[in-house]
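**Q** Input entry_8.cif, format and content: mmCIF, C-alpha atoms.
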data_query
loop_
_atom_site.group_PDB
_atom_site.id
_atom_site.type_symbol
_atom_site.label_atom_id
_atom_site.label_comp_id
_atom_site.auth_asym_id
_atom_site.auth_seq_id
_atom_site.Cartn_x
_atom_site.Cartn_y
_atom_site.Cartn_z
ATOM 1 C CA MET A 15 -10.906 43.908 -52.237
ATOM 2 C CA PHE A 16 -12.428 44.784 -48.873
ATOM 3 C CA LYS A 17 -14.057 41.337 -48.641
ATOM 4 C CA HIS A 18 -10.756 39.670 -49.472
ATOM 5 C CA THR A 19 -8.987 41.578 -46.693
ATOM 6 C CA ILE A 20 -11.633 40.634 -44.154
ATOM 7 C CA LEU A 21 -11.236 36.961 -45.085
ATOM 8 C CA SER A 22 -7.474 37.180 -44.850
ATOM 9 C CA LEU A 23 -7.486 38.560 -41.315
ATOM 10 C CA PRO A 24 -8.863 35.447 -39.592
ATOM 11 C CA ILE A 25 -6.491 33.294 -41.630
ATOM 12 C CA LEU A 26 -3.575 35.457 -40.517
ATOM 13 C CA ALA A 27 -4.791 35.293 -36.939
ATOM 14 C CA LEU A 28 -5.035 31.487 -37.079
ATOM 15 C CA THR A 29 -1.552 31.310 -38.579
ATOM 16 C CA ALA A 30 -0.251 33.498 -35.776
ATOM 17 C CA ILE A 31 -1.816 31.220 -33.149
ATOM 18 C CA ALA A 32 -0.370 28.182 -34.873
ATOM 19 C CA ALA A 33 3.046 29.804 -35.015
ATOM 20 C CA ALA A 34 2.836 30.800 -31.386
ATOM 21 C CA SER A 35 1.845 27.356 -30.204
ATOM 22 C CA GLU A 36 4.259 25.495 -32.440
ATOM 23 C CA ASN A 37 7.110 25.704 -29.946
ATOM 24 C CA ALA A 38 5.068 25.643 -26.794
ATOM 25 C CA PRO A 39 6.491 22.904 -24.622
ATOM 26 C CA ILE A 40 4.212 20.512 -22.836
ATOM 27 C CA ASN A 41 5.674 19.791 -19.473
ATOM 28 C CA GLY A 42 4.628 17.037 -17.177
ATOM 29 C CA THR A 43 5.963 14.848 -14.456
ATOM 30 C CA VAL A 44 5.010 11.211 -14.265
ATOM 31 C CA GLN A 45 5.029 10.101 -10.659
ATOM 32 C CA SER A 46 5.494 6.452 -10.021
ATOM 33 C CA ARG A 47 2.916 5.331 -7.562
ATOM 34 C CA CYS A 48 1.958 2.421 -5.438
ATOM 35 C CA ILE A 49 -1.579 2.481 -4.148
ATOM 36 C CA ILE A 50 -2.755 0.054 -1.498
ATOM 37 C CA GLN A 51 -6.464 -0.623 -1.531
ATOM 38 C CA THR A 52 -8.410 -2.638 0.980
ATOM 39 C CA ASP A 53 -11.008 -4.442 -1.082
ATOM 40 C CA GLN A 54 -12.145 -6.544 1.854
ATOM 41 C CA ALA A 55 -11.001 -6.070 5.445
ATOM 42 C CA GLY A 56 -11.885 -9.636 6.439
ATOM 43 C CA THR A 57 -14.064 -11.118 9.148
ATOM 44 C CA PHE A 58 -13.638 -13.995 11.533
ATOM 45 C CA GLY A 59 -15.968 -16.926 11.608
ATOM 46 C CA ASN A 60 -16.339 -18.898 14.827
ATOM 47 C CA PRO A 61 -16.740 -22.584 13.861
ATOM 48 C CA ASN A 62 -16.196 -23.740 17.442
ATOM 49 C CA ALA A 63 -15.686 -22.173 20.850
ATOM 50 C CA TYR A 64 -11.883 -22.057 20.638
ATOM 51 C CA THR A 65 -11.315 -21.051 16.980
ATOM 52 C CA LEU A 66 -11.623 -17.810 15.051
ATOM 53 C CA THR A 67 -10.911 -18.121 11.359
ATOM 54 C CA THR A 68 -11.295 -16.149 8.135
ATOM 55 C CA SER A 69 -11.999 -19.369 6.226
ATOM 56 C CA PRO A 70 -15.205 -18.927 4.178
ATOM 57 C CA THR A 71 -16.249 -22.519 4.922
ATOM 58 C CA ASP A 72 -16.330 -21.558 8.591
ATOM 59 C CA GLY A 73 -18.267 -18.349 8.108
ATOM 60 C CA GLY A 74 -15.338 -15.964 7.765
ATOM 61 C CA ASP A 75 -13.950 -13.815 4.978
ATOM 62 C CA PRO A 76 -10.255 -13.430 4.191
ATOM 63 C CA ALA A 77 -8.749 -9.959 3.803
ATOM 64 C CA VAL A 78 -8.316 -8.937 0.162
ATOM 65 C CA ILE A 79 -5.780 -6.227 -0.587
ATOM 66 C CA ARG A 80 -5.174 -4.712 -3.982
ATOM 67 C CA TYR A 81 -1.906 -3.106 -5.059
ATOM 68 C CA ASP A 82 -1.915 -0.739 -8.040
ATOM 69 C CA VAL A 83 1.529 0.002 -9.410
ATOM 70 C CA THR A 84 2.335 2.435 -12.209
ATOM 71 C CA LEU A 85 6.082 1.848 -12.468
ATOM 72 C CA ALA A 86 7.520 -1.596 -13.079
ATOM 73 C CA ASP A 87 10.221 -3.002 -10.828
ATOM 74 C CA ALA A 88 10.062 -0.113 -8.354
ATOM 75 C CA TYR A 89 8.293 -1.642 -5.343
ATOM 76 C CA TYR A 90 8.036 -4.599 -3.025
ATOM 77 C CA ALA A 91 4.707 -5.628 -1.537
ATOM 78 C CA GLN A 92 5.044 -6.976 1.976
ATOM 79 C CA ILE A 93 2.044 -8.440 3.736
ATOM 80 C CA SER A 94 2.132 -9.597 7.345
ATOM 81 C CA ILE A 95 -0.386 -12.014 8.805
ATOM 82 C CA PRO A 96 -1.788 -11.246 12.271
ATOM 83 C CA THR A 97 0.125 -12.645 15.253
ATOM 84 C CA SER A 98 -1.981 -11.094 17.986
ATOM 85 C CA PHE A 99 -5.259 -9.283 18.520
ATOM 86 C CA SER A 100 -5.041 -5.523 18.414
ATOM 87 C CA SER A 101 -8.192 -5.428 20.498
ATOM 88 C CA SER A 102 -9.983 -8.219 22.350
ATOM 89 C CA PRO A 103 -11.468 -9.088 25.718
ATOM 90 C CA THR A 104 -9.114 -10.529 28.346
ATOM 91 C CA LEU A 105 -8.079 -13.946 27.084
ATOM 92 C CA PRO A 106 -7.914 -17.065 29.283
ATOM 93 C CA ASP A 107 -4.893 -18.620 27.539
ATOM 94 C CA GLN A 108 -2.277 -18.244 24.799
ATOM 95 C CA VAL A 109 -3.496 -18.044 21.213
ATOM 96 C CA THR A 110 -1.819 -19.902 18.377
ATOM 97 C CA TRP A 111 -1.871 -18.068 15.057
ATOM 98 C CA THR A 112 -1.608 -19.430 11.549
ATOM 99 C CA GLY A 113 -2.215 -17.762 8.221
ATOM 100 C CA ASP A 114 -0.967 -17.188 4.741
ATOM 101 C CA THR A 115 -0.979 -14.680 1.928
ATOM 102 C CA THR A 116 -1.454 -15.697 -1.688
ATOM 103 C CA VAL A 117 -1.947 -13.931 -4.999
ATOM 104 C CA LYS A 118 -5.656 -14.027 -5.760
ATOM 105 C CA THR A 119 -5.996 -12.148 -9.047
ATOM 106 C CA ILE A 120 -3.615 -10.395 -11.413
ATOM 107 C CA SER A 121 -4.219 -7.889 -14.168
ATOM 108 C CA ASP A 122 -1.289 -9.043 -16.332
ATOM 109 C CA ALA A 123 -0.889 -12.812 -16.621
ATOM 110 C CA THR A 124 2.438 -12.542 -18.436
ATOM 111 C CA GLY A 125 4.115 -10.006 -16.186
ATOM 112 C CA MET A 126 2.673 -11.143 -12.858
ATOM 113 C CA GLY A 127 2.240 -14.879 -13.388
ATOM 114 C CA SER A 128 5.322 -15.714 -11.338
ATOM 115 C CA TYR A 129 4.546 -13.483 -8.342
ATOM 116 C CA GLU A 130 3.273 -16.335 -6.190
ATOM 117 C CA THR A 131 6.068 -18.774 -7.013
ATOM 118 C CA ASN A 132 8.744 -16.092 -6.562
ATOM 119 C CA LYS A 133 7.448 -14.749 -3.272
ATOM 120 C CA LEU A 134 9.829 -14.620 -0.353
ATOM 121 C CA GLU A 135 8.433 -15.998 2.913
ATOM 122 C CA LEU A 136 10.072 -14.281 5.864
ATOM 123 C CA GLY A 137 8.336 -15.757 8.891
ATOM 124 C CA ASP A 138 4.983 -14.040 9.201
ATOM 125 C CA VAL A 139 5.746 -11.730 6.290
ATOM 126 C CA ASP A 140 5.400 -12.551 2.594
ATOM 127 C CA ARG A 141 7.351 -10.320 0.226
ATOM 128 C CA TYR A 142 6.450 -9.983 -3.439
ATOM 129 C CA ASP A 143 8.620 -8.271 -6.023
ATOM 130 C CA LEU A 144 6.232 -6.109 -8.061
ATOM 131 C CA THR A 145 8.068 -6.304 -11.362
ATOM 132 C CA ALA A 146 5.152 -5.341 -13.608
ATOM 133 C CA THR A 147 2.724 -2.440 -13.769
ATOM 134 C CA GLY A 148 -0.938 -3.055 -13.065
ATOM 135 C CA SER A 149 -3.087 -4.426 -10.284
ATOM 136 C CA THR A 150 -2.532 -7.412 -8.056
ATOM 137 C CA TRP A 151 -5.030 -8.708 -5.511
ATOM 138 C CA PHE A 152 -3.636 -10.547 -2.505
ATOM 139 C CA GLU A 153 -5.691 -12.671 -0.137
ATOM 140 C CA THR A 154 -4.651 -13.095 3.484
ATOM 141 C CA THR A 155 -6.140 -15.806 5.654
ATOM 142 C CA SER A 156 -5.830 -16.023 9.405
ATOM 143 C CA THR A 157 -6.790 -18.517 12.109
ATOM 144 C CA ALA A 158 -6.538 -18.072 15.854
ATOM 145 C CA VAL A 159 -6.861 -21.086 18.156
ATOM 146 C CA MET A 160 -7.155 -20.681 21.897
ATOM 147 C CA GLY A 161 -4.782 -22.811 23.978
ATOM 148 C CA GLY A 162 -6.191 -25.764 25.907
ATOM 149 C CA SER A 163 -9.292 -25.723 23.726
ATOM 150 C CA LYS A 164 -10.641 -22.998 26.000
ATOM 151 C CA ALA A 165 -13.448 -20.862 24.696
ATOM 152 C CA PHE A 166 -12.919 -17.351 23.338
ATOM 153 C CA PRO A 167 -14.771 -14.999 25.690
ATOM 154 C CA GLY A 168 -17.651 -13.095 24.123
ATOM 155 C CA GLY A 169 -16.694 -9.667 22.792
ATOM 156 C CA ASN A 170 -15.084 -7.838 19.913
ATOM 157 C CA TYR A 171 -11.889 -9.065 18.336
ATOM 158 C CA THR A 172 -9.674 -7.282 15.836
ATOM 159 C CA ALA A 173 -6.456 -8.646 14.356
ATOM 160 C CA MET A 174 -4.226 -6.598 12.111
ATOM 161 C CA VAL A 175 -2.995 -7.477 8.626
ATOM 162 C CA THR A 176 -0.217 -5.102 7.585
ATOM 163 C CA ALA A 177 0.095 -4.370 3.879
ATOM 164 C CA GLU A 178 3.232 -2.472 2.909
ATOM 165 C CA CYS A 179 4.488 -1.044 -0.334
ATOM 166 C CA ILE A 180 8.188 -0.301 -0.180
ATOM 167 C CA ALA A 181 10.123 1.551 -2.858
ATOM 168 C CA LYS A 182 13.202 -0.350 -4.054
ATOM 169 C CA MET B 27 -29.860 1.446 -20.996
ATOM 170 C CA ARG B 28 -26.465 2.792 -21.950
ATOM 171 C CA SER B 29 -26.617 5.442 -19.232
ATOM 172 C CA THR B 30 -27.597 2.789 -16.681
ATOM 173 C CA LEU B 31 -24.612 0.691 -17.673
ATOM 174 C CA ALA B 32 -22.380 3.767 -17.487
ATOM 175 C CA SER B 33 -23.717 4.548 -14.007
ATOM 176 C CA ILE B 34 -23.055 0.998 -12.843
ATOM 177 C CA ALA B 35 -19.531 1.155 -14.278
ATOM 178 C CA ALA B 36 -18.939 4.488 -12.553
ATOM 179 C CA LEU B 37 -20.205 3.123 -9.256
ATOM 180 C CA LEU B 38 -17.988 0.075 -9.571
ATOM 181 C CA THR B 39 -15.016 2.290 -10.349
ATOM 182 C CA LEU B 40 -15.760 4.549 -7.403
ATOM 183 C CA SER B 41 -16.199 1.644 -5.057
ATOM 184 C CA SER B 42 -12.967 0.041 -6.187
ATOM 185 C CA PHE B 43 -11.101 3.282 -5.452
ATOM 186 C CA ALA B 44 -12.897 3.926 -2.206
ATOM 187 C CA SER B 45 -10.349 2.519 0.187
ATOM 188 C CA ALA B 46 -6.852 3.382 -0.931
ATOM 189 C CA HIS B 47 -3.763 4.921 0.572
ATOM 190 C CA GLU B 48 -1.260 6.754 -1.566
ATOM 191 C CA MET B 49 1.922 8.716 -0.889
ATOM 192 C CA ILE B 50 4.212 10.591 -3.264
ATOM 193 C CA PRO B 51 6.913 11.213 -4.277
ATOM 194 C CA THR B 52 8.238 7.691 -4.436
ATOM 195 C CA TYR B 53 11.811 8.940 -4.491
ATOM 196 C CA PRO B 54 12.013 12.170 -2.454
ATOM 197 C CA GLN B 55 15.204 14.219 -2.312
ATOM 198 C CA TRP B 56 16.612 16.288 0.517
ATOM 199 C CA GLU B 57 16.961 20.019 0.071
ATOM 200 C CA GLN B 58 18.711 22.523 2.264
ATOM 201 C CA SER B 59 16.119 24.104 4.552
ATOM 202 C CA VAL B 60 16.135 27.691 5.752
ATOM 203 C CA TYR B 61 17.823 26.410 8.916
ATOM 204 C CA ALA B 62 21.572 25.802 8.918
ATOM 205 C CA GLY B 63 22.492 22.124 9.093
ATOM 206 C CA VAL B 64 18.930 20.965 8.499
ATOM 207 C CA GLN B 65 17.604 19.204 5.390
ATOM 208 C CA THR B 66 13.996 19.121 4.334
ATOM 209 C CA THR B 67 11.706 17.361 1.898
ATOM 210 C CA THR B 68 7.986 17.612 1.171
ATOM 211 C CA MET B 69 5.676 14.619 0.934
ATOM 212 C CA GLN B 70 2.067 14.271 -0.064
ATOM 213 C CA LEU B 71 -0.430 11.822 1.311
ATOM 214 C CA PHE B 72 -3.831 11.005 -0.107
ATOM 215 C CA ASN B 73 -6.450 9.252 1.983
ATOM 216 C CA LYS B 74 -8.985 7.255 0.023
ATOM 217 C CA ARG B 75 -9.656 4.916 2.938
ATOM 218 C CA GLU B 76 -12.989 5.949 4.327
ATOM 219 C CA GLU B 77 -12.486 4.102 7.606
ATOM 220 C CA ILE B 78 -9.083 5.720 8.244
ATOM 221 C CA GLU B 79 -8.545 9.199 9.675
ATOM 222 C CA TYR B 80 -4.979 9.149 10.948
ATOM 223 C CA TYR B 81 -1.618 8.330 9.412
ATOM 224 C CA GLU B 82 1.641 7.980 11.297
ATOM 225 C CA ILE B 83 4.837 9.210 9.679
ATOM 226 C CA GLY B 84 8.196 7.529 10.229
ATOM 227 C CA VAL B 85 11.735 7.873 8.878
ATOM 228 C CA PHE B 86 14.020 4.854 8.872
ATOM 229 C CA ASP B 87 17.586 3.911 7.992
ATOM 230 C CA GLU B 88 18.659 1.021 5.759
ATOM 231 C CA ALA B 89 18.118 -1.499 8.586
ATOM 232 C CA TRP B 90 14.654 -0.059 9.404
ATOM 233 C CA ASN B 91 15.812 1.589 12.610
ATOM 234 C CA PRO B 92 13.666 4.675 13.319
ATOM 235 C CA LEU B 93 15.426 8.027 12.997
ATOM 236 C CA ARG B 94 14.642 11.346 14.644
ATOM 237 C CA PHE B 95 12.910 13.906 12.473
ATOM 238 C CA VAL B 96 10.648 16.880 12.814
ATOM 239 C CA THR B 97 7.319 17.453 11.110
ATOM 240 C CA SER B 98 4.202 19.365 12.056
ATOM 241 C CA TYR B 99 2.618 16.229 13.527
ATOM 242 C CA SER B 100 4.010 12.720 13.513
ATOM 243 C CA VAL B 101 0.406 11.483 13.375
ATOM 244 C CA LEU B 102 -1.512 13.375 10.720
ATOM 245 C CA LYS B 103 -5.248 13.684 10.598
ATOM 246 C CA VAL B 104 -6.259 13.272 6.966
ATOM 247 C CA ALA B 105 -9.952 13.217 6.211
ATOM 248 C CA TYR B 106 -11.388 10.857 3.622
ATOM 249 C CA LEU B 107 -10.551 11.960 0.055
ATOM 250 C CA GLU B 108 -8.223 14.701 1.290
ATOM 251 C CA HIS B 109 -4.597 15.368 0.462
ATOM 252 C CA ALA B 110 -2.097 16.299 3.134
ATOM 253 C CA LEU B 111 1.203 17.984 2.369
ATOM 254 C CA PHE B 112 3.827 17.683 5.059
ATOM 255 C CA ASP B 113 7.457 18.744 5.376
ATOM 256 C CA ILE B 114 10.038 16.582 7.052
ATOM 257 C CA TYR B 115 13.109 18.162 8.622
ATOM 258 C CA MET B 116 16.219 16.283 9.648
ATOM 259 C CA ARG B 117 19.661 17.269 10.833
ATOM 260 C CA ASN B 118 22.317 16.696 8.191
ATOM 261 C CA SER B 119 23.839 13.868 10.226
ATOM 262 C CA ASP B 120 20.494 12.016 10.422
ATOM 263 C CA ALA B 121 19.423 12.895 6.885
ATOM 264 C CA SER B 122 22.534 11.201 5.505
ATOM 265 C CA LYS B 123 21.424 7.938 7.182
ATOM 266 C CA ALA B 124 17.744 8.172 6.247
ATOM 267 C CA VAL B 125 16.591 5.737 3.552
ATOM 268 C CA TYR B 126 12.816 5.356 3.918
ATOM 269 C CA ILE B 127 9.986 7.763 4.673
ATOM 270 C CA CYS B 128 6.839 5.839 5.522
ATOM 271 C CA SER B 129 3.214 6.589 6.259
ATOM 272 C CA ARG B 130 1.118 4.034 8.068
ATOM 273 C CA SER B 131 -2.631 4.047 8.529
ATOM 274 C CA LYS B 132 -3.892 3.978 12.091
ATOM 275 C CA VAL B 133 -6.809 1.615 12.425
ATOM 276 C CA SER B 134 -9.457 2.545 14.947
ATOM 277 C CA ARG B 135 -11.108 0.103 17.283
ATOM 278 C CA ARG B 136 -14.504 -1.115 16.132
ATOM 279 C CA ASP B 137 -17.243 -3.257 17.517
ATOM 280 C CA SER B 138 -16.816 -6.354 15.403
ATOM 281 C CA VAL B 139 -14.943 -9.602 14.995
ATOM 282 C CA ARG B 140 -12.683 -9.016 12.058
ATOM 283 C CA THR B 141 -9.256 -8.565 10.598
ATOM 284 C CA ALA B 142 -8.278 -4.982 9.878
ATOM 285 C CA VAL B 143 -5.776 -3.924 7.248
ATOM 286 C CA SER B 144 -3.119 -1.431 8.202
ATOM 287 C CA SER B 145 -1.474 -0.046 5.081
ATOM 288 C CA ARG B 146 2.045 1.333 5.007
ATOM 289 C CA ILE B 147 3.716 3.017 2.039
ATOM 290 C CA CYS B 148 7.430 3.729 2.116
ATOM 291 C CA SER B 149 9.215 6.098 -0.250
ATOM 292 C CA LYS B 150 12.938 5.697 -0.754
ATOM 293 C CA ILE B 151 15.102 8.773 -0.392
ATOM 294 C CA LYS B 152 17.084 9.528 -3.482
ATOM 295 C CA LYS B 153 20.698 10.245 -2.656
ATOM 296 C CA GLU B 154 22.703 12.722 -4.692
ATOM 297 C CA GLY B 155 24.238 11.077 -7.706
ATOM 298 C CA SER B 156 21.890 8.061 -7.585
#
Would you put the structure from the file into structure tokens?
**A**
Amino acid sequence: MFKHTILSLPILALTAIAAASENAPINGTVQSRCIIQTDQAGTFGNPNAYTLTTSPTDGGDPAVIRYDVTLADAYYAQISIPTSFSSSPTLPDQVTWTGDTTVKTISDATGMGSYETNKLELGDVDRYDLTATGSTWFETTSTAVMGGSKAFPGGNYTAMVTAECIAK
Amino acid sequence: MRSTLASIAALLTLSSFASAHEMIPTYPQWEQSVYAGVQTTTMQLFNKREEIEYYEIGVFDEAWNPLRFVTSYSVLKVAYLEHALFDIYMRNSDASKAVYICSRSKVSRRDSVRTAVSSRICSKIKKEGS
């Protein structure tokens, strides 16, 4: 009898815990997020005296930017190519800039396959409608050519790529 | 062997998350502040960009015109892998026009020949009833 009672107590206790937790709500908030990651900042190659370029064939590296999105159809990605140096030595002439942004890799071929064809080109800015969740890698190339084929002075040069994630 | 593979996977994961910029909420809402005629909202920034220390905050209308607002600092110092909570205050008249709250990374000058990536994330203010 005593043994039976001792056995029953833990069972009753477990039942009580189960009953207590049966109606316990689990609350949580899912935040939609857009995360911008710089996978590769990019470097300029110098194939000749008057050109700086991120082209790999000329010794450069394009900038690679990854967007991670956790809510579909909630964001635009906007990426601007450089149009000036943010830091440089004093330049002898005007610089002509060219560049482009393209989709490099996607994590969802079905949902993101049309990103590149549907992109909106607004001058120096490319806008992508991020309609699917997942990761997208964008590659931005840039070339700066000094006017009059004059040489770039020796020194440090930085040009800015702006990667934006804008909630719709 | 398995632990080596797991370590490599962990390193790859860490490295792929080592340079990100994140801001929430995506759709902030104004609340009445303790000051009459002033609205407020709280934002959170997370700096996973090792090379970035400062983020500039901006509030814009539908046409991307900058609006006046008050926060502790318009340029926040956020160390690598740290969160920063900041409150934004706006007068009712300005708050009604505000559409975007943005944070933009400030890229420091370096001794190199490179392109630098400035990241900007913009949340969209949720209006009542939307």
**Q** Counting only C-alpha atoms, which residues of chain A sit at most 7 Å from some atom of chain B, and what is each one's closest atom pair with its distance in Å to one decimal, listed by chain and rising residue number, as a tab-separated table?
**A**
residue	atom	partner	partner_atom	distance
A:Gln45	CA	B:Pro51	CA	6.7
A:Ser46	CA	B:Thr52	CA	6.3
A:Arg47	CA	B:Thr52	CA	6.6
A:Cys48	CA	B:Glu48	CA	6.6
A:Ile49	CA	B:Glu48	CA	5.0
A:Ile50	CA	B:Ala46	CA	5.3
A:Gln51	CA	B:Ala46	CA	4.1
A:Thr52	CA	B:Ser45	CA	5.6
A:Ala55	CA	B:Ala142	CA	5.3
A:Gly56	CA	B:Thr141	CA	5.0
A:Thr57	CA	B:Arg140	CA	3.8
A:Phe58	CA	B:Arg140	CA	5.1
A:Ala77	CA	B:Thr141	CA	7.0
A:Asn170	CA	B:Ser138	CA	5.1
A:Tyr171	CA	B:Val139	CA	4.6
A:Thr172	CA	B:Arg140	CA	5.1
A:Ala173	CA	B:Thr141	CA	4.7
A:Met174	CA	B:Ala142	CA	4.9
A:Val175	CA	B:Val143	CA	4.7
A:Thr176	CA	B:Ser144	CA	4.7
A:Ala177	CA	B:Ser145	CA	4.8
A:Glu178	CA	B:Arg146	CA	4.5
A:Cys179	CA	B:Ile147	CA	4.8
A:Ile180	CA	B:Cys148	CA	4.7
A:Ala181	CA	B:Ser149	CA	5.3
A:Lys182	CA	B:Lys150	CA	6.9
**Q** What would the selection look like, as an mmCIF file with C-alpha atoms, in the coordinates of the input, if the PyMOL selection byres ((chain A and resi 72) around 12) were run on the coordinates I just shared?
**A**
data_model
loop_
_atom_site.group_PDB
_atom_site.id
_atom_site.type_symbol
_atom_site.label_atom_id
_atom_site.label_comp_id
_atom_site.auth_asym_id
_atom_site.auth_seq_id
_atom_site.Cartn_x
_atom_site.Cartn_y
_atom_site.Cartn_z
ATOM 1 C CA THR A 57 -14.064 -11.118 9.148
ATOM 2 C CA PHE A 58 -13.638 -13.995 11.533
ATOM 3 C CA GLY A 59 -15.968 -16.926 11.608
ATOM 4 C CA ASN A 60 -16.339 -18.898 14.827
ATOM 5 C CA PRO A 61 -16.740 -22.584 13.861
ATOM 6 C CA ASN A 62 -16.196 -23.740 17.442
ATOM 7 C CA THR A 65 -11.315 -21.051 16.980
ATOM 8 C CA LEU A 66 -11.623 -17.810 15.051
ATOM 9 C CA THR A 67 -10.911 -18.121 11.359
ATOM 10 C CA THR A 68 -11.295 -16.149 8.135
ATOM 11 C CA SER A 69 -11.999 -19.369 6.226
ATOM 12 C CA PRO A 70 -15.205 -18.927 4.178
ATOM 13 C CA THR A 71 -16.249 -22.519 4.922
ATOM 14 C CA GLY A 73 -18.267 -18.349 8.108
ATOM 15 C CA GLY A 74 -15.338 -15.964 7.765
ATOM 16 C CA ASP A 75 -13.950 -13.815 4.978
ATOM 17 C CA PRO A 76 -10.255 -13.430 4.191
ATOM 18 C CA SER A 156 -5.830 -16.023 9.405
ATOM 19 C CA THR A 157 -6.790 -18.517 12.109
#
**Q** Report, in Å with one decimal, the straight-line distance from atom CA of Leu134 of chain A to atom CA of Glu153 of chain A.
**A**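 About the pair atom CA of Leu134 of chain A and atom CA of Glu153 of chain A: they are 15.6 Å apart.
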**Q** List the residues sitting within 6 Å of (-0.8, -14.8, 18.0) in the file's frame, using only C-alpha atoms, as a count of residues only.
**A** 5
**Q** Written as a PyMOL selection string, what is the full residue list that the PyMOL selection byres ((chain A and resi 113-124) around 7) yields on the file shown?
**A** chain A and resi 95+111-112+125-127+130+140+148-157
**Q** Calculate how many Å separate atom CA of Ile40 of chain A from atom CA of Gln58 of chain B, rounding to one decimal.
**A** 29.1 Å
**Q** How many Å lie between atom CA of Phe86 of chain B and atom CA of Tyr99 of chain B, rounded to one decimal?
**A**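 Separation of atom CA of Phe86 of chain B and atom CA of Tyr99 of chain B: 16.8 Å.
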**Q** Care to translate the PyMOL selection byres ((chain A and resi 102) around 8) into actual residues of this file, as a PyMOL selection string?
**A** chain A and resi 99-101+103-105+169-172
**Q** Take the residues just selected and output them with C-alpha atoms as a compact mmCIF listing (two decimals), in the frame of the given file.
**A**
# COMPACT_ATOMS: atom_id res chain seq x y z
CA PHE A 99 -5.26 -9.28 18.52
CA SER A 100 -5.04 -5.52 18.41
CA SER A 101 -8.19 -5.43 20.50
CA PRO A 103 -11.47 -9.09 25.72
CA THR A 104 -9.11 -10.53 28.35
CA LEU A 105 -8.08 -13.95 27.08
CA GLY A 169 -16.69 -9.67 22.79
CA ASN A 170 -15.08 -7.84 19.91
CA TYR A 171 -11.89 -9.06 18.34
CA THR A 172 -9.67 -7.28 15.84
**Q** Could you pull the residues within 8 Å of segment 103-108 of chain B, counting only C-alpha atoms, minus those fewer than 3 positions along the same chain, as a ChimeraX atom specification?
**A** /B:72-81
**Q** Write the residues you've just listed into a file as a compact mmCIF listing (two decimals), in the frame of the given file, and include C-alpha atoms for each of them.
**A**
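Wrote it out as out20.txt, contents follow:
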# COMPACT_ATOMS: atom_id res chain seq x y z
CA PHE B 72 -3.83 11.00 -0.11
CA ASN B 73 -6.45 9.25 1.98
CA LYS B 74 -8.98 7.26 0.02
CA ARG B 75 -9.66 4.92 2.94
CA GLU B 76 -12.99 5.95 4.33
CA GLU B 77 -12.49 4.10 7.61
CA ILE B 78 -9.08 5.72 8.24
CA GLU B 79 -8.54 9.20 9.68
CA TYR B 80 -4.98 9.15 10.95
CA TYR B 81 -1.62 8.33 9.41
**Q** Between B:Lys132, B:Ala124, B:Gln65, B:Glu88, single out the one closest to Ser100 of chain B, counting only C-alpha atoms.
**A**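 Selected residue with least distance to Ser100 of chain B: B:Lys132.
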**Q** Restricting the calculation to only C-alpha atoms, which member of A:Ala38, A:Ala146, A:Pro106, A:Leu136 is positioned closest to Leu85 of chain A?
**A**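 Closest to Leu85 of chain A of all the choices is A:Ala146.
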**Q** Around all listed atoms of segment 152-162 of chain A, padded 4 Å per side, what centre and edge lengths does the axis-aligned box have in Å to one decimal, as lines of an AutoDock Vina configuration file?
**A**
center_x = -5.4
center_y = -18.2
center_z = 11.7
size_x = 11.5
size_y = 23.2
size_z = 36.4
**Q** Which protein, DNA or RNA residues are at most 6 Å from (4.8, 12.6, 5.7) in the file's coordinates when you count all atoms listed in the file, listed as a list of chain:residue names?
**A**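 Residues satisfying the cut-off, written out: B:Met69, B:Ile83, B:Phe112.
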